[in-house]
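Shown here: start_39.txt, compact mmCIF, C-alpha atoms and all ligand atoms.
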```
# COMPACT_ATOMS: atom_id res chain seq x y z
CA MET X 1 -11.37 -33.99 -14.76
CA ILE X 2 -10.56 -30.30 -14.71
CA ILE X 3 -9.93 -28.09 -17.73
CA PRO X 4 -6.24 -27.07 -17.58
CA LEU X 5 -5.53 -23.61 -16.21
CA ALA X 6 -3.46 -20.94 -17.88
CA LEU X 7 0.20 -21.13 -16.93
CA ARG X 8 -0.15 -17.89 -15.00
CA ALA X 9 -2.85 -19.39 -12.78
CA ASP X 10 -0.67 -22.41 -12.05
CA GLN X 11 2.32 -20.23 -11.31
CA THR X 12 0.55 -17.69 -9.10
CA GLN X 13 0.00 -18.42 -5.43
CA GLU X 14 -3.14 -17.31 -3.64
CA TYR X 15 -2.53 -14.12 -1.67
CA TYR X 16 -1.15 -15.00 1.80
CA PHE X 17 -3.88 -13.11 3.66
CA SER X 18 -6.59 -14.68 1.53
CA VAL X 19 -5.48 -18.09 2.82
CA LYS X 20 -4.47 -17.17 6.37
CA LEU X 21 -7.52 -15.06 7.17
CA ALA X 22 -9.74 -17.98 6.12
CA GLU X 23 -7.91 -19.99 8.82
CA VAL X 24 -8.47 -17.14 11.30
CA ARG X 25 -12.20 -17.11 10.42
CA ARG X 26 -12.42 -20.89 10.94
CA MET X 27 -10.86 -20.47 14.40
CA GLN X 28 -13.30 -17.67 15.18
CA ALA X 29 -16.22 -19.80 14.02
CA ALA X 30 -15.00 -22.49 16.43
CA GLY X 31 -15.42 -19.94 19.24
CA HIS X 32 -11.84 -18.65 19.64
CA ASP X 33 -11.33 -14.96 20.36
CA ILE X 34 -8.62 -14.05 17.84
CA ILE X 35 -6.83 -10.71 18.11
CA ASN X 36 -5.94 -9.86 14.52
CA LEU X 37 -2.84 -7.67 14.39
CA GLY X 38 -2.02 -8.97 10.94
CA ILE X 39 -3.72 -6.89 8.32
CA GLY X 40 -3.81 -3.12 7.74
CA ASN X 41 -7.57 -2.83 7.74
CA PRO X 42 -8.50 0.44 9.50
CA ASP X 43 -11.12 -0.09 12.22
CA LEU X 44 -11.84 3.65 12.60
CA MET X 45 -14.78 5.32 10.86
CA PRO X 46 -14.63 7.58 7.82
CA SER X 47 -15.66 11.17 8.63
CA ALA X 48 -19.37 11.69 9.37
CA ASN X 49 -19.73 13.95 6.30
CA THR X 50 -18.48 11.13 4.13
CA ILE X 51 -21.20 8.76 5.31
CA ASP X 52 -23.87 11.49 4.94
CA ALA X 53 -22.75 12.16 1.36
CA LEU X 54 -23.02 8.44 0.57
CA ILE X 55 -26.57 8.23 1.93
CA GLN X 56 -27.75 11.40 0.21
CA SER X 57 -26.30 10.40 -3.12
CA ALA X 58 -27.78 6.88 -2.91
CA GLN X 59 -31.23 8.47 -2.63
CA GLN X 60 -30.90 10.25 -6.00
CA PRO X 61 -32.40 8.48 -9.03
CA ALA X 62 -29.47 9.64 -11.18
CA SER X 63 -26.93 7.87 -8.96
CA HIS X 64 -27.49 4.31 -10.05
CA GLY X 65 -26.37 4.13 -13.63
CA TYR X 66 -22.95 3.65 -15.21
CA GLN X 67 -20.60 6.54 -14.61
CA PRO X 68 -17.83 8.09 -16.72
CA TYR X 69 -14.82 5.78 -17.16
CA LYS X 70 -12.64 8.57 -15.77
CA GLY X 71 -14.82 8.96 -12.65
CA THR X 72 -16.94 12.03 -11.93
CA ALA X 73 -15.53 15.49 -12.57
CA PRO X 74 -16.11 16.60 -8.92
CA LEU X 75 -14.09 13.60 -7.68
CA ARG X 76 -11.17 14.45 -9.96
CA GLN X 77 -11.39 18.09 -8.89
CA ALA X 78 -11.40 17.06 -5.22
CA ILE X 79 -8.31 14.87 -5.80
CA ALA X 80 -6.54 17.81 -7.48
CA LYS X 81 -7.43 20.06 -4.53
CA PHE X 82 -6.21 17.40 -2.08
CA TYR X 83 -2.89 17.13 -3.94
CA ARG X 84 -2.43 20.90 -3.87
CA HIS X 85 -3.31 21.16 -0.19
CA THR X 86 -1.46 18.05 1.03
CA TYR X 87 1.63 17.98 -1.18
CA GLY X 88 1.73 21.35 -2.96
CA VAL X 89 1.40 19.52 -6.29
CA THR X 90 -0.69 20.93 -9.13
CA LEU X 91 -2.60 18.37 -11.18
CA GLU X 92 -4.94 19.04 -14.08
CA PRO X 93 -8.21 17.33 -12.96
CA ASP X 94 -9.39 16.42 -16.47
CA THR X 95 -6.18 14.93 -17.77
CA GLU X 96 -3.73 14.07 -14.99
CA ILE X 97 -5.93 12.08 -12.59
CA LEU X 98 -7.54 8.67 -13.06
CA PRO X 99 -9.79 7.35 -10.26
CA LEU X 100 -9.30 3.63 -9.60
CA ILE X 101 -11.12 0.89 -7.71
CA GLY X 102 -8.37 0.94 -5.08
CA SER X 103 -4.69 1.31 -5.82
CA LYS X 104 -4.14 -2.48 -5.77
CA GLU X 105 -6.11 -2.76 -9.01
CA GLY X 106 -4.04 0.13 -10.39
CA ILE X 107 -0.93 -2.05 -10.16
CA THR X 108 -2.55 -4.43 -12.65
CA HIS X 109 -3.74 -1.68 -15.02
CA ILE X 110 -0.29 -0.08 -15.05
CA SER X 111 1.45 -3.42 -15.63
CA LEU X 112 -0.88 -4.31 -18.50
CA THR X 113 -0.33 -0.88 -20.01
CA PHE X 114 3.47 -0.73 -19.92
CA LEU X 115 4.89 -4.24 -19.79
CA ASN X 116 5.55 -6.59 -22.67
CA GLU X 117 6.45 -10.18 -22.01
CA GLY X 118 10.12 -10.37 -21.10
CA ASP X 119 10.44 -6.72 -20.01
CA GLY X 120 12.28 -6.12 -16.76
CA VAL X 121 10.63 -4.83 -13.59
CA LEU X 122 12.47 -3.81 -10.43
CA VAL X 123 10.62 -4.35 -7.16
CA PRO X 124 11.89 -3.73 -3.63
CA GLU X 125 13.19 -6.92 -2.00
CA LEU X 126 10.69 -6.20 0.76
CA GLY X 127 7.42 -4.74 -0.44
CA TYR X 128 3.75 -5.01 -1.23
CA PRO X 129 3.36 -8.50 -2.76
CA ALA X 130 1.19 -7.35 -5.69
CA TYR X 131 4.09 -5.57 -7.48
CA ARG X 132 5.87 -8.87 -7.91
CA ALA X 133 2.82 -11.09 -8.47
CA VAL X 134 1.21 -8.91 -11.14
CA SER X 135 4.52 -8.32 -12.98
CA ARG X 136 4.92 -12.09 -13.21
CA MET X 137 1.32 -12.55 -14.34
CA VAL X 138 1.95 -10.32 -17.35
CA GLY X 139 5.12 -12.25 -18.20
CA ALA X 140 7.68 -9.67 -17.10
CA ASN X 141 11.01 -10.61 -15.51
CA VAL X 142 11.07 -9.49 -11.90
CA HIS X 143 14.31 -8.39 -10.25
CA GLU X 144 14.47 -7.44 -6.59
CA TYR X 145 16.46 -4.40 -5.65
CA PRO X 146 18.14 -4.46 -2.23
CA LEU X 147 17.05 -2.20 0.61
CA LEU X 148 19.77 -1.11 2.99
CA GLU X 149 18.71 -1.82 6.55
CA HIS X 150 21.68 0.08 8.00
CA ASP X 151 20.62 3.09 5.91
CA GLY X 152 16.99 3.15 7.05
CA TRP X 153 15.82 0.72 4.35
CA GLN X 154 16.72 3.07 1.51
CA PRO X 155 17.05 1.56 -1.98
CA ASP X 156 20.56 0.49 -2.90
CA TRP X 157 20.98 2.71 -5.99
CA GLU X 158 24.34 1.21 -6.93
CA ALA X 159 22.85 -2.26 -6.99
CA MET X 160 19.92 -0.91 -9.01
CA THR X 161 22.28 0.60 -11.56
CA ASP X 162 23.90 -2.82 -11.94
CA LEU X 163 20.54 -4.53 -12.24
CA VAL X 164 19.50 -2.20 -15.05
CA ALA X 165 22.87 -2.19 -16.81
CA LYS X 166 23.55 -5.93 -16.63
CA SER X 167 20.05 -7.10 -17.39
CA SER X 168 19.66 -8.68 -20.82
CA GLU X 169 16.16 -7.23 -21.16
CA LYS X 170 14.91 -3.66 -21.12
CA THR X 171 13.95 -2.50 -17.62
CA LYS X 172 10.60 -0.76 -17.97
CA ILE X 173 9.23 -0.19 -14.47
CA ILE X 174 10.60 0.45 -10.99
CA TRP X 175 8.15 0.11 -8.11
CA LEU X 176 8.84 2.50 -5.26
CA ASN X 177 6.83 2.98 -2.03
CA TYR X 178 7.76 5.51 0.69
CA PRO X 179 6.64 5.73 3.47
CA HIS X 180 7.62 2.14 2.94
CA MET X 181 5.49 -0.85 3.73
CA PRO X 182 6.44 -3.06 5.59
CA THR X 183 9.53 -1.37 7.14
CA GLY X 184 7.86 1.98 7.94
CA ALA X 185 10.82 3.89 6.44
CA PRO X 186 9.77 7.52 5.86
CA ALA X 187 9.80 9.33 2.51
CA THR X 188 12.40 12.07 2.03
CA ARG X 189 12.88 14.62 -0.73
CA ALA X 190 16.46 13.42 -1.19
CA LEU X 191 15.25 9.88 -1.86
CA PHE X 192 12.61 11.04 -4.33
CA GLU X 193 15.09 13.34 -6.14
CA ARG X 194 17.49 10.45 -6.50
CA ALA X 195 14.69 8.22 -7.80
CA VAL X 196 13.61 10.73 -10.44
CA ARG X 197 17.23 11.23 -11.53
CA PHE X 198 17.65 7.47 -11.80
CA ALA X 199 14.47 7.13 -13.89
CA HIS X 200 15.65 9.88 -16.26
CA ASP X 201 19.16 8.42 -16.56
CA HIS X 202 17.90 4.91 -17.30
CA GLN X 203 14.65 5.80 -19.10
CA VAL X 204 12.42 3.70 -16.87
CA LEU X 205 8.95 4.40 -15.55
CA LEU X 206 8.94 5.08 -11.83
CA CYS X 207 5.69 3.87 -10.26
CA HIS X 208 5.36 5.34 -6.81
CA ASP X 209 2.78 3.87 -4.43
CA ASN X 210 1.87 6.45 -1.79
CA PRO X 211 -0.96 5.21 0.47
CA TYR X 212 0.73 5.90 3.84
CA SER X 213 1.92 9.50 3.51
CA LEU X 214 -0.62 10.80 6.06
CA ILE X 215 -0.34 8.03 8.66
CA LEU X 216 1.89 8.86 11.63
CA ASN X 217 4.08 11.00 9.38
CA LYS X 218 6.57 13.04 11.39
CA LYS X 219 7.18 15.60 8.65
CA PRO X 220 4.81 17.13 6.07
CA PRO X 221 3.76 14.44 3.56
CA ILE X 222 5.53 14.32 0.19
CA SER X 223 4.39 13.28 -3.26
CA LEU X 224 6.95 12.02 -5.75
CA LEU X 225 5.23 14.27 -8.29
CA SER X 226 6.49 17.33 -6.37
CA ILE X 227 10.02 16.64 -7.63
CA ASP X 228 11.18 18.60 -10.69
CA GLY X 229 11.02 16.49 -13.83
CA ALA X 230 8.96 13.75 -12.12
CA LYS X 231 5.98 13.95 -14.45
CA ASP X 232 8.11 12.93 -17.45
CA VAL X 233 9.11 9.61 -15.90
CA ALA X 234 6.83 8.92 -12.94
CA ILE X 235 3.28 8.13 -11.97
CA GLU X 236 1.85 7.94 -8.48
CA LEU X 237 -0.82 5.72 -6.97
CA ASN X 238 -2.74 6.96 -3.98
CA SER X 239 -5.75 5.79 -2.04
CA LEU X 240 -8.39 6.62 0.57
CA SER X 241 -8.06 3.14 2.12
CA LYS X 242 -5.70 4.02 4.94
CA SER X 243 -5.64 7.82 5.11
CA HIS X 244 -9.44 8.17 5.22
CA ASN X 245 -10.42 4.85 6.88
CA MET X 246 -12.12 3.68 3.69
CA ALA X 247 -10.31 0.44 2.78
CA GLY X 248 -13.49 -1.47 1.93
CA TRP X 249 -14.85 1.30 -0.27
CA ARG X 250 -12.20 0.63 -2.91
CA ILE X 251 -11.33 4.18 -3.89
CA GLY X 252 -7.90 5.11 -5.16
CA TRP X 253 -6.39 6.94 -8.09
CA MET X 254 -3.40 7.31 -10.33
CA ALA X 255 -1.83 10.71 -10.97
CA GLY X 256 0.64 11.63 -13.67
CA ALA X 257 1.14 13.17 -17.08
CA LYS X 258 -1.76 13.06 -19.55
CA ALA X 259 -0.01 10.62 -21.89
CA TYR X 260 0.36 8.07 -19.07
CA VAL X 261 -3.17 8.58 -17.75
CA ASP X 262 -4.66 8.24 -21.25
CA ALA X 263 -2.74 5.03 -21.88
CA VAL X 264 -3.85 3.43 -18.59
CA LEU X 265 -7.45 4.54 -19.23
CA THR X 266 -7.40 2.78 -22.60
CA ILE X 267 -6.61 -0.52 -20.86
CA LYS X 268 -8.78 0.05 -17.79
CA SER X 269 -11.87 1.05 -19.78
CA ASN X 270 -11.82 -2.44 -21.29
CA ILE X 271 -11.69 -4.08 -17.86
CA ASP X 272 -14.13 -2.35 -15.50
CA SER X 273 -16.98 0.10 -15.85
CA GLY X 274 -16.08 2.52 -13.09
CA GLN X 275 -17.42 3.01 -9.61
CA PHE X 276 -20.80 3.53 -7.94
CA LYS X 277 -21.62 7.24 -7.97
CA PRO X 278 -22.50 7.49 -4.24
CA LEU X 279 -19.02 6.09 -3.44
CA MET X 280 -17.44 8.75 -5.64
CA ASP X 281 -19.63 11.49 -4.16
CA ALA X 282 -18.68 10.38 -0.66
CA ALA X 283 -14.99 10.17 -1.61
CA THR X 284 -15.26 13.73 -2.97
CA GLU X 285 -16.49 14.77 0.46
CA ALA X 286 -13.85 12.73 2.32
CA LEU X 287 -11.02 14.38 0.40
CA GLY X 288 -12.04 17.63 2.10
CA ASN X 289 -11.55 16.21 5.63
CA SER X 290 -9.85 18.86 7.75
CA ASP X 291 -6.25 18.71 8.91
CA ASP X 292 -7.68 18.29 12.43
CA TRP X 293 -9.55 15.17 11.34
CA HIS X 294 -6.26 13.67 10.14
CA ARG X 295 -4.50 14.74 13.35
CA GLU X 296 -7.17 13.07 15.49
CA ARG X 297 -6.87 9.82 13.53
CA ASN X 298 -3.11 9.88 14.03
CA ALA X 299 -3.54 10.58 17.74
CA VAL X 300 -5.49 7.32 18.05
CA TYR X 301 -2.74 5.37 16.23
CA GLN X 302 -0.10 7.10 18.34
CA GLY X 303 -1.91 5.91 21.46
CA ARG X 304 -1.79 2.32 20.16
CA LEU X 305 1.93 2.47 19.41
CA ASP X 306 3.01 2.09 23.03
CA ALA X 307 0.88 -1.02 23.37
CA VAL X 308 2.37 -2.50 20.17
CA HIS X 309 5.88 -1.71 21.45
CA ALA X 310 5.04 -3.50 24.73
CA PHE X 311 3.77 -6.48 22.70
CA LEU X 312 7.00 -6.62 20.66
CA ASP X 313 9.12 -6.18 23.81
CA ALA X 314 7.34 -9.16 25.36
CA LEU X 315 8.27 -11.21 22.27
CA GLY X 316 11.90 -10.04 22.54
CA CYS X 317 11.71 -8.35 19.12
CA THR X 318 13.64 -5.19 18.23
CA TYR X 319 12.34 -2.26 16.18
CA THR X 320 13.03 1.38 15.34
CA THR X 321 10.82 4.16 16.62
CA ASN X 322 10.87 6.42 13.56
CA GLN X 323 8.47 4.26 11.53
CA GLU X 324 5.53 5.74 9.64
CA GLY X 325 2.37 4.12 8.32
CA LEU X 326 -0.05 1.64 9.83
CA PHE X 327 2.40 -1.02 11.03
CA ILE X 328 5.47 -1.68 13.12
CA TRP X 329 8.20 -3.78 11.52
CA ALA X 330 10.30 -5.74 14.00
CA LYS X 331 13.21 -8.13 14.01
CA LEU X 332 12.97 -11.52 15.73
CA PRO X 333 15.28 -12.44 18.61
CA ASP X 334 17.91 -15.07 17.74
CA SER X 335 16.10 -17.58 19.97
CA VAL X 336 13.13 -17.74 17.54
CA GLU X 337 13.56 -20.15 14.63
CA SER X 338 11.67 -18.19 11.97
CA ALA X 339 8.80 -15.75 11.46
CA GLU X 340 6.60 -18.61 10.32
CA THR X 341 7.17 -20.57 13.55
CA LEU X 342 6.45 -17.54 15.70
CA VAL X 343 3.33 -16.49 13.77
CA ASN X 344 1.86 -20.01 13.80
CA ASP X 345 2.67 -20.51 17.50
CA LEU X 346 1.09 -17.19 18.42
CA LEU X 347 -2.04 -17.98 16.44
CA GLU X 348 -2.45 -21.50 17.80
CA LYS X 349 -1.45 -20.98 21.41
CA LYS X 350 -2.27 -17.32 22.15
CA HIS X 351 -4.93 -16.66 19.51
CA VAL X 352 -3.05 -13.59 18.31
CA PHE X 353 -2.36 -13.13 14.60
CA ILE X 354 0.55 -11.05 13.26
CA ALA X 355 2.04 -10.99 9.76
CA PRO X 356 5.27 -12.90 9.06
CA GLY X 357 7.86 -10.79 7.25
CA PHE X 358 8.52 -13.33 4.47
CA ILE X 359 5.24 -12.50 2.72
CA PHE X 360 6.88 -9.22 1.68
CA GLY X 361 9.95 -10.99 0.29
CA PRO X 362 12.45 -13.66 1.46
CA LYS X 363 14.53 -11.02 3.24
CA GLY X 364 11.64 -10.72 5.73
CA ASN X 365 12.12 -14.22 7.10
CA ARG X 366 13.41 -12.94 10.43
CA TYR X 367 10.89 -10.12 10.80
CA VAL X 368 7.26 -9.65 11.69
CA ARG X 369 4.80 -6.84 10.96
CA VAL X 370 2.26 -5.74 13.57
CA SER X 371 -0.74 -3.63 12.61
CA LEU X 372 -2.14 -0.65 14.51
CA CYS X 373 -5.69 -1.41 13.34
CA VAL X 374 -7.18 -2.75 16.57
CA THR X 375 -8.01 -0.87 19.75
CA LYS X 376 -5.40 -0.19 22.40
CA GLU X 377 -7.37 -2.37 24.83
CA ARG X 378 -7.18 -5.35 22.46
CA ILE X 379 -3.45 -4.86 21.93
CA GLU X 380 -3.01 -4.74 25.71
CA GLU X 381 -5.03 -7.95 25.94
CA ALA X 382 -2.59 -9.50 23.41
CA VAL X 383 0.31 -8.42 25.67
CA LYS X 384 -1.41 -10.10 28.64
CA ARG X 385 -1.80 -13.32 26.69
CA LEU X 386 1.96 -13.43 26.21
CA SER X 387 2.75 -13.32 29.90
C1 LIG U 401 1.97 -0.49 -0.08
C2 LIG U 401 0.55 -0.72 -0.42
N1 LIG U 401 0.13 -0.39 -1.65
C3 LIG U 401 -1.15 -0.57 -2.01
C4 LIG U 401 -2.07 -1.12 -1.15
C5 LIG U 401 -3.47 -1.33 -1.63
O1 LIG U 401 -4.30 -0.32 -1.24
P1 LIG U 401 -5.76 -0.16 -1.81
O2 LIG U 401 -6.68 -0.49 -0.70
O3 LIG U 401 -5.84 1.27 -2.28
O4 LIG U 401 -5.94 -1.09 -2.97
C6 LIG U 401 -1.68 -1.49 0.13
C7 LIG U 401 -2.64 -2.12 1.04
O5 LIG U 401 -2.38 -2.69 2.03
C8 LIG U 401 -0.33 -1.28 0.50
O6 LIG U 401 0.12 -1.62 1.72
```

Kindly return the structure encoded in the file as structure tokens.
Ligand SMILES: Cc1ncc(COP(=O)(O)O)c(C=O)c1O
Amino acid sequence: MIIPLALRADQTQEYYFSVKLAEVRRMQAAGHDIINLGIGNPDLMPSANTIDALIQSAQQPASHGYQPYKGTAPLRQAIAKFYRHTYGVTLEPDTEILPLIGSKEGITHISLTFLNEGDGVLVPELGYPAYRAVSRMVGANVHEYPLLEHDGWQPDWEAMTDLVAKSSEKTKIIWLNYPHMPTGAPATRALFERAVRFAHDHQVLLCHDNPYSLILNKKPPISLLSIDGAKDVAIELNSLSKSHNMAGWRIGWMAGAKAYVDAVLTIKSNIDSGQFKPLMDAATEALGNSDDWHRERNAVYQGRLDAVHAFLDALGCTYTTNQEGLFIWAKLPDSVESAETLVNDLLEKKHVFIAPGFIFGPKGNRYVRVSLCVTKERIEEAVKRLS
């Protein structure tokens, strides 16, 4: 006998990577050398100062107790400084920044804060799976907005207008994410201006997820909050996971107007009790990494790109070369039945794992996503295994 689960537990599927990586680990345990090009888990180190700050802080007696629910003041000040330096955006450290245990968790806090059962949420038809999954968990109605492949995977604003206008329920949230994962489409000011206008016109909350702005960006990074009028209708999630090689540390934050930050804090303070102080002290240090540090990290990813392109060429996939972020998004050749077939064949026969596009939405069924998070030599080894 098992006690019945809540409906939401029955209706929610385990995260694809949670299941698939367990399979990868079983194969590794059986002695297979798996090259994992699936997940965006940076293999490079955080800056040396960051690690030093962690160690020093851990040695202080005052570092081990509960911390403020809003994170430490120096961390919020460092985030504000980072926003000014990186995006030219001014944030008030005490009221407009809320440190989070990673931005993934922030998606849940925001959804719990703003969504009533039956409210409408617009998510990109290809996007980070948590937007959709969490919206459903809180009982919202999820609608996918189309992305226009021929227009560089930009949102289809006309279709979005229809979705908002024709929907029987109130649309409360739009999830937006540029540089876009998984397609690698860059952020542009024009796109963000359009998004803010749309949010004002339709009175919806624009939730922008911005973890990739510093990875292989070809132009200066942009924050949605740099757009005039954005703070009235938008909040932004950001994170040290990818930009500072700190994915396992679980450090992110939400930025936005005080009223939004206060509301999310009310919910969040009932869920978790903040972060370990040495992590926050180290994150404070990391946020001061020099522009050169970021350039060097990007140079390593740039070096891996050629190898990933060679890998995709060997598979007969096609891709664009203007992509930003930690992945390359590629279309399957007609000869391949589906992403699932290709991914499973590669894993079983070549011991190479890549992500199938459908995990980001059904539109991804004929695409795959390849990560830049393993060394160039290992990617070249994957290319050899294909020949
Ligand atoms: C688009 C996007 N948003 C959010 C996240 C979660 O990042 P974090 O590690 O800050 O929770 C990821 C991680 O892969 C992502 O790709």

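The residue set within 8 Å of Ala247 in chain X, counting all atoms listed in the file and dropping same-chain residues fewer than 4 places from it, reads Asn41, Pro42, Leu240, Ser241, Lys242 and Ile251 of chain X.
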
Report as a ChimeraX atom specification all protein, DNA and RNA residues lying within 12 Å of Thr341 in chain X, evaluated on all atoms listed in the file, omitting residues in the same chain fewer than 5 positions from it. /X:332,335-336,346-349,354-358,365-368

Since we have the selection now, will you write its residues out, keeping C-alpha atoms, as a compact mmCIF listing (two decimals), in the coordinates of the input?
```
# COMPACT_ATOMS: atom_id res chain seq x y z
CA LEU X 332 12.97 -11.52 15.73
CA SER X 335 16.10 -17.58 19.97
CA VAL X 336 13.13 -17.74 17.54
CA LEU X 346 1.09 -17.19 18.42
CA LEU X 347 -2.04 -17.98 16.44
CA GLU X 348 -2.45 -21.50 17.80
CA LYS X 349 -1.45 -20.98 21.41
CA ILE X 354 0.55 -11.05 13.26
CA ALA X 355 2.04 -10.99 9.76
CA PRO X 356 5.27 -12.90 9.06
CA GLY X 357 7.86 -10.79 7.25
CA PHE X 358 8.52 -13.33 4.47
CA ASN X 365 12.12 -14.22 7.10
CA ARG X 366 13.41 -12.94 10.43
CA TYR X 367 10.89 -10.12 10.80
CA VAL X 368 7.26 -9.65 11.69
```

Using all atoms listed in the file, which residues have at least one atom no more than 6 Å from ligand LIG 401 (chain U)? Output them as a ChimeraX atom specification. /X:40,102-104,128,181,209,239,241,247,252

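The two atoms in question, CA of Phe198 in chain X and CA of Gln323 in chain X, are spaced 25.3 Å apart.
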
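Nearest-residue note for Met254 in chain X: choosing from X:Ile35, X:Ile227, X:Ile215, X:Ala234, the minimum distance belongs to X:Ala234, counting all atoms listed in the file.
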
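We find CA of Cys373 in chain X and CA of Leu44 in chain X to be spaced 8.0 Å apart.
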
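In this comparison, which uses only C-alpha atoms, the residue of X:Met246, X:Ala330, X:Ile174, X:Val196 approaching Ala286 in chain X most closely is X:Met246.
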
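Between Ile359 in chain X and the candidates X:Arg136, X:His109, X:Lys20, X:Arg84, the tightest atom-to-atom separation, counting only C-alpha atoms, involves X:Lys20.
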
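CA of Pro333 in chain X sits 5.7 Å away from CA of Gly316 in chain X.
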
Range 200-206 of chain X surroundings by only C-alpha atoms, 12 Å radius, close-in-sequence under 4 positions cut, as a ChimeraX atom specification: /X:110-111,113-115,119-123,157,160-165,170-177,192-196,224-225,228-237,256-257,260

Please produce a file of the residues just selected, as a JSON list (two decimals), keeping the file's coordinate frame, where the atoms kept are C-alpha atoms.
```
[["chain", "number", "residue", "atom", "x", "y", "z"],
["X", 110, "ILE", "CA", -0.29, -0.08, -15.05],
["X", 111, "SER", "CA", 1.45, -3.42, -15.63],
["X", 113, "THR", "CA", -0.33, -0.88, -20.01],
["X", 114, "PHE", "CA", 3.47, -0.73, -19.92],
["X", 115, "LEU", "CA", 4.89, -4.24, -19.79],
["X", 119, "ASP", "CA", 10.44, -6.72, -20.01],
["X", 120, "GLY", "CA", 12.28, -6.12, -16.76],
["X", 121, "VAL", "CA", 10.63, -4.83, -13.59],
["X", 122, "LEU", "CA", 12.47, -3.81, -10.43],
["X", 123, "VAL", "CA", 10.62, -4.35, -7.16],
["X", 157, "TRP", "CA", 20.98, 2.71, -5.99],
["X", 160, "MET", "CA", 19.92, -0.91, -9.01],
["X", 161, "THR", "CA", 22.28, 0.60, -11.56],
["X", 162, "ASP", "CA", 23.90, -2.82, -11.94],
["X", 163, "LEU", "CA", 20.54, -4.53, -12.24],
["X", 164, "VAL", "CA", 19.50, -2.20, -15.05],
["X", 165, "ALA", "CA", 22.87, -2.19, -16.81],
["X", 170, "LYS", "CA", 14.91, -3.66, -21.12],
["X", 171, "THR", "CA", 13.95, -2.50, -17.62],
["X", 172, "LYS", "CA", 10.60, -0.76, -17.97],
["X", 173, "ILE", "CA", 9.23, -0.19, -14.47],
["X", 174, "ILE", "CA", 10.60, 0.45, -10.99],
["X", 175, "TRP", "CA", 8.15, 0.11, -8.11],
["X", 176, "LEU", "CA", 8.84, 2.50, -5.26],
["X", 177, "ASN", "CA", 6.83, 2.98, -2.03],
["X", 192, "PHE", "CA", 12.61, 11.04, -4.33],
["X", 193, "GLU", "CA", 15.09, 13.34, -6.14],
["X", 194, "ARG", "CA", 17.49, 10.45, -6.50],
["X", 195, "ALA", "CA", 14.69, 8.22, -7.80],
["X", 196, "VAL", "CA", 13.61, 10.73, -10.44],
["X", 224, "LEU", "CA", 6.95, 12.02, -5.75],
["X", 225, "LEU", "CA", 5.23, 14.27, -8.29],
["X", 228, "ASP", "CA", 11.18, 18.60, -10.69],
["X", 229, "GLY", "CA", 11.02, 16.49, -13.83],
["X", 230, "ALA", "CA", 8.96, 13.75, -12.12],
["X", 231, "LYS", "CA", 5.98, 13.95, -14.45],
["X", 232, "ASP", "CA", 8.11, 12.93, -17.45],
["X", 233, "VAL", "CA", 9.11, 9.61, -15.90],
["X", 234, "ALA", "CA", 6.83, 8.92, -12.94],
["X", 235, "ILE", "CA", 3.28, 8.13, -11.97],
["X", 236, "GLU", "CA", 1.85, 7.94, -8.48],
["X", 237, "LEU", "CA", -0.82, 5.72, -6.97],
["X", 256, "GLY", "CA", 0.64, 11.63, -13.67],
["X", 257, "ALA", "CA", 1.14, 13.17, -17.08],
["X", 260, "TYR", "CA", 0.36, 8.07, -19.07]]
```

Could you pull the residues within 9 Å of Val134 in chain X, counting all atoms listed in the file, minus those fewer than 3 positions along the same chain, as a PDB file with C-alpha atoms, in the coordinates of the input?
```pdb
ATOM      1  CA  ILE X 107      -0.930  -2.050 -10.160  1.00  0.00           C
ATOM      2  CA  THR X 108      -2.550  -4.430 -12.650  1.00  0.00           C
ATOM      3  CA  SER X 111       1.450  -3.420 -15.630  1.00  0.00           C
ATOM      4  CA  LEU X 112      -0.880  -4.310 -18.500  1.00  0.00           C
ATOM      5  CA  PRO X 129       3.360  -8.500  -2.760  1.00  0.00           C
ATOM      6  CA  ALA X 130       1.190  -7.350  -5.690  1.00  0.00           C
ATOM      7  CA  TYR X 131       4.090  -5.570  -7.480  1.00  0.00           C
ATOM      8  CA  MET X 137       1.320 -12.550 -14.340  1.00  0.00           C
ATOM      9  CA  VAL X 138       1.950 -10.320 -17.350  1.00  0.00           C
ATOM     10  CA  GLY X 139       5.120 -12.250 -18.200  1.00  0.00           C
ATOM     11  CA  ALA X 140       7.680  -9.670 -17.100  1.00  0.00           C
TER      12      ALA X 140
END
```

Selection near Gly71 in chain X, 9 Å with all atoms listed in the file, sequence-local residues under 2 positions removed, as a VMD selection string: chain X and resid 67 to 69 73 to 76 98 to 100 274 to 275 277 280

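Of the listed residues (X:His351, X:Ala255, X:Pro186, X:Val264), X:Ala255 comes nearest to Glu96 in chain X; the distances count all atoms listed in the file.
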
Taking all listed atoms of range 10-15 of chain X, build the axis-aligned box, pad each of the six sides by 5 Å, then write its centre and edge lengths in Å to one decimal as lines of an AutoDock Vina configuration file.
```
center_x = -0.4
center_y = -18.3
center_z = -6.9
size_x = 15.5
size_y = 18.3
size_z = 20.4
```
